[in-house]
Amino acid sequence: MQLNQTTSFGDSVIHWYHQHGRKTLPWQQNKTLYTTWLSEVMLQQTQVTTVIPYFNRFVDKFPTLADLANAQEDEVLQLWTGLGYYARARNLLKAAKIMQAEYGEFPQDFDQVLALPGIGRSTAGAILSLTLAKPFPILDGNVKRVLCRYFEIQTWSGEKKTQDLLWQHAEKISPAQGIEYFNQAMMDIGSAVCTRGKPKCDTCPLEQNCQANLKGLTSQLPVSKPKKEKPVKSTIMLALKHNNSVLLAKRPSTGIWGGLFTLPESERLLTEPEIEQLFSVQVKTLKKLAPFRHTFTHYHLDITPVVAELSQIQSSIRDTSERWFELQSEAEFGMSVPTQKILTELTS
DNA sequence: CAGGCGTGGCC
DNA sequence: TGGCCAAGCCT
């Protein structure tokens with residue numbers, strides 16, 4: 001696309017948006033502050049195609065802020081199961097309750113939005129700019145990639161000084177008019193044109209003045225994150241099975257899988273007597289299933305599932321965090337993906 | 001403030 | 001196919 005040199009950054013980008021930008025995503029229909037907020041939180045570190053079904057199910061169950069504010073945490077985590085970064089779901093509910101109690105509606109003031117749990121500067125800017133056309137910049141992964149190339153930024157965007165520099169650029173390029181198109185366009189360009197590998201510079205509205213493009217540096221920018229060795233951890237996941245039910249326990253709200261239900265874990269294989277004593281049960285059979293690896297952002301977890309068929313259970317549960325879950329029934333709470341995977345294996 | 005926090009798509 | 005990384009935020 002050829003644009004003459006005098007066309008401003010903002011005008012080029014907004015013009016591109018009207019020709020090529022995304023306009024039919026689920027959260028772009030009947031926009032409210034609530035639905036934009038929900039989509040923005042779901043989209044944090046998560047791809048659009050992954051989010052779409054989760055967003056639709058969520059809005060279906062909780063159509064308004066008031067509906068969400070009155071929900072139970074387990075209901076919210078159920079709808080979040082598989083999406084990851086579960087603090088987002090817990091914060092979403094927290095924020096909804098705060099908004100209902102403090103404001104009675106979704107606030108429109110930037111600092112009030114920013115103060116809500118789970119909403120940082122970029123998400124606050126996205127909510128208010130995309131929904132109400134308020135002139136706040138955004139800085140998500142797509143915009144960062146575009147800016148790092150356009151301004152030839154040679155340092156990793158995870159460093160604070162680089163982050164600060166990127167925000168300065170984001171503020172500077174923000175147009176006075178049409179911010180709602182501009183911000184959406186910057187994300188669309190980052191996602192569809194200024195891609196990580198093989199960017200389509202010949203169709204980019206910023207081609208003429210992009211430093212990386214002019215200098216042939218697109219393959220080297222943005223500077224990639226310094227790689228670190230992922231440690232390998234291992235765990236045993238124990239499926240105590242009795243009458244087609246398994247024992248699950250709700251995890252504390254801090255740490256991995258916070259607030260989700262998972263199978264009990266142990267560091268090493270337990271013997272039958274150990275299991276019987278620990279859980280006040282009688283073990284009929286003990287069987288090890290095929291181990292598998294679950295990989296997180298920051299480590300690998302090698303999981304060995306062990307199934308203990310029980311003939312008897314003395315006390316049903318040890319504390320309020322535990323519950324028996326009937327296989328093949330629909331959970332009304334959140335569950336970790338490895339737990340789901342093992343339960344599926346028990347069923348088949 | 002660098003590291004913790006999930007999962008699946010992509011090549 | 002294993003590593004990279006995605007519409008970041010919190011502590």
# chains A, B, ... in the order shown; residues from 1 in each chain; ligands from 1
>>> closest_atom_pairs(of="chain A", to="chain B", cutoff="9 Å", atoms="only C-alpha atoms (C1' of nucleotides)", output="JSON lines")
{"residue": "A:Thr46", "atom": "CA", "partner": "B:DT7", "partner_atom": "C1'", "distance": 8.5}
{"residue": "A:Gln47", "atom": "CA", "partner": "B:DG9", "partner_atom": "C1'", "distance": 8.3}
{"residue": "A:Thr50", "atom": "CA", "partner": "B:DG8", "partner_atom": "C1'", "distance": 7.7}
{"residue": "A:Gly82", "atom": "CA", "partner": "B:DT7", "partner_atom": "C1'", "distance": 6.5}
{"residue": "A:Leu83", "atom": "CA", "partner": "B:DT7", "partner_atom": "C1'", "distance": 6.2}
{"residue": "A:Gly84", "atom": "CA", "partner": "B:DG6", "partner_atom": "C1'", "distance": 3.8}
{"residue": "A:Tyr85", "atom": "CA", "partner": "B:DG6", "partner_atom": "C1'", "distance": 5.2}
{"residue": "A:Tyr86", "atom": "CA", "partner": "B:DG6", "partner_atom": "C1'", "distance": 7.8}
{"residue": "A:Ala87", "atom": "CA", "partner": "B:DC5", "partner_atom": "C1'", "distance": 7.9}
{"residue": "A:Lys160", "atom": "CA", "partner": "B:DC1", "partner_atom": "C1'", "distance": 8.3}
{"residue": "A:Gly255", "atom": "CA", "partner": "B:DC5", "partner_atom": "C1'", "distance": 7.6}
{"residue": "A:Ile256", "atom": "CA", "partner": "B:DC5", "partner_atom": "C1'", "distance": 6.8}
{"residue": "A:Trp257", "atom": "CA", "partner": "B:DG6", "partner_atom": "C1'", "distance": 8.2}
{"residue": "A:Thr295", "atom": "CA", "partner": "B:DG6", "partner_atom": "C1'", "distance": 8.6}
{"residue": "A:Phe296", "atom": "CA", "partner": "B:DG6", "partner_atom": "C1'", "distance": 6.2}
{"residue": "A:Thr297", "atom": "CA", "partner": "B:DG6", "partner_atom": "C1'", "distance": 7.4}
{"residue": "A:His298", "atom": "CA", "partner": "B:DG4", "partner_atom": "C1'", "distance": 8.0}
{"residue": "A:Val337", "atom": "CA", "partner": "B:DT7", "partner_atom": "C1'", "distance": 8.3}
>>> write_last_selection(atoms="C-alpha atoms", output="compact mmCIF listing (two decimals), in the first residue's frame")
# COMPACT_ATOMS: atom_id res chain seq x y z
CA THR A 46 -4.32 -15.39 25.12
CA GLN A 47 -5.05 -15.68 21.41
CA THR A 50 -8.93 -19.39 21.91
CA GLY A 82 -8.89 -24.33 30.26
CA LEU A 83 -8.28 -20.64 29.60
CA GLY A 84 -5.41 -20.35 32.07
CA TYR A 85 -4.10 -17.55 34.28
CA TYR A 86 -6.94 -18.13 36.70
CA ALA A 87 -6.16 -15.05 38.80
CA LYS A 160 11.24 -1.36 32.50
CA GLY A 255 -0.08 -20.21 43.58
CA ILE A 256 -0.64 -22.45 40.59
CA TRP A 257 -4.27 -23.31 39.72
CA THR A 295 4.36 -27.44 30.44
CA PHE A 296 3.84 -24.02 31.99
CA THR A 297 5.39 -20.71 31.04
CA HIS A 298 8.10 -21.14 33.64
CA VAL A 337 -6.42 -29.23 32.63
>>> closest_atom_pairs(of="chain C", to="chain A", cutoff="9 Å", atoms="only C-alpha atoms (C1' of nucleotides)", output="tab-separated table")
residue	atom	partner	partner_atom	distance
C:DC5	C1'	A:Gln45	CA	8.6
C:DA6	C1'	A:Gln45	CA	4.8
C:DA7	C1'	A:Leu43	CA	4.8
C:DG8	C1'	A:Gln44	CA	5.5
C:DC9	C1'	A:Gly118	CA	5.9
C:DC10	C1'	A:Gly118	CA	7.9
>>> select_by_dssp(residues="stretch 113-263 of chain A", states="strand (DSSP E or B)", output="PyMOL selection string")
chain A and resi 232-242+245-250+261-262
>>> residues_around(residues="stretch 260-273 of chain A", least_positions_apart="3", cutoff="8 Å", atoms="only C-alpha atoms (C1' of nucleotides)", output="MDAnalysis selection string")
chainID A and resid 74 77 234:239 247:251 257 276:277 283 286 333:336 339
>>> write_last_selection(atoms="N, CA and C atoms", output="short mmCIF file (atom, residue, chain, number, x, y, z; two decimals), in the first residue's frame")
data_model
loop_
_atom_site.label_atom_id
_atom_site.label_comp_id
_atom_site.auth_asym_id
_atom_site.auth_seq_id
_atom_site.Cartn_x
_atom_site.Cartn_y
_atom_site.Cartn_z
N ASP A 74 -16.80 -20.25 42.18
CA ASP A 74 -16.71 -21.54 41.47
C ASP A 74 -17.39 -21.49 40.10
N LEU A 77 -14.98 -19.65 37.81
CA LEU A 77 -13.82 -20.50 37.48
C LEU A 77 -14.21 -21.65 36.56
N SER A 234 8.31 -32.72 39.19
CA SER A 234 7.47 -33.90 39.00
C SER A 234 6.52 -34.07 40.17
N THR A 235 5.41 -34.74 39.88
CA THR A 235 4.41 -34.94 40.93
C THR A 235 3.59 -36.19 40.64
N ILE A 236 3.02 -36.73 41.68
CA ILE A 236 2.07 -37.84 41.53
C ILE A 236 0.67 -37.27 41.73
N MET A 237 -0.23 -37.56 40.80
CA MET A 237 -1.63 -37.16 40.99
C MET A 237 -2.44 -38.40 41.29
N LEU A 238 -3.14 -38.34 42.39
CA LEU A 238 -3.82 -39.51 42.92
C LEU A 238 -5.33 -39.45 42.67
N ALA A 239 -5.82 -40.42 41.92
CA ALA A 239 -7.27 -40.50 41.70
C ALA A 239 -7.85 -41.56 42.62
N LEU A 247 -12.08 -38.16 44.36
CA LEU A 247 -11.89 -37.10 45.34
C LEU A 247 -11.10 -35.94 44.73
N LEU A 248 -11.66 -34.74 44.84
CA LEU A 248 -10.97 -33.52 44.38
C LEU A 248 -10.85 -32.55 45.54
N ALA A 249 -9.90 -31.64 45.45
CA ALA A 249 -9.73 -30.63 46.49
C ALA A 249 -9.52 -29.25 45.88
N LYS A 250 -10.17 -28.26 46.48
CA LYS A 250 -10.02 -26.88 46.00
C LYS A 250 -8.70 -26.31 46.49
N ARG A 251 -7.94 -25.74 45.56
CA ARG A 251 -6.64 -25.20 45.92
C ARG A 251 -6.75 -23.80 46.52
N TRP A 257 -2.88 -22.81 39.74
CA TRP A 257 -4.27 -23.31 39.72
C TRP A 257 -5.08 -22.80 40.91
N GLU A 276 -4.35 -45.57 52.56
CA GLU A 276 -5.48 -45.93 53.44
C GLU A 276 -5.47 -45.10 54.72
N GLN A 277 -4.27 -44.92 55.25
CA GLN A 277 -4.19 -44.13 56.48
C GLN A 277 -4.44 -42.65 56.23
N VAL A 283 -8.20 -49.52 50.14
CA VAL A 283 -7.81 -49.61 48.73
C VAL A 283 -8.00 -51.03 48.21
N LEU A 286 -4.46 -50.73 43.10
CA LEU A 286 -3.64 -49.54 42.90
C LEU A 286 -2.94 -49.68 41.56
N PHE A 333 -17.58 -26.14 38.92
CA PHE A 333 -16.44 -25.45 39.53
C PHE A 333 -15.28 -25.55 38.54
N GLY A 334 -14.22 -24.82 38.83
CA GLY A 334 -13.06 -24.86 37.94
C GLY A 334 -12.20 -26.07 38.19
N MET A 335 -11.55 -26.57 37.15
CA MET A 335 -10.68 -27.73 37.26
C MET A 335 -9.42 -27.50 36.43
N SER A 336 -8.28 -27.98 36.89
CA SER A 336 -7.07 -27.82 36.09
C SER A 336 -7.12 -28.76 34.89
N THR A 339 -5.95 -32.35 35.59
CA THR A 339 -6.98 -33.09 36.33
C THR A 339 -8.08 -33.55 35.38
#
>>> atom_distance(atom1="atom CA of A:Ala95", atom2="atom CA of A:Leu116")
5.6 Å
>>> select_by_dssp(residues="stretch 137-244 of chain A", states="alpha helix (DSSP H)", output="PyMOL selection string")
chain A and resi 141-150+160-173+179-192+211-215
>>> atom_distance(atom1="atom CA of A:Trp27", atom2="atom CA of A:Gly125")
16.1 Å
>>> atom_distance(atom1="atom CA of A:Ala185", atom2="atom CA of A:Leu130")
10.7 Å
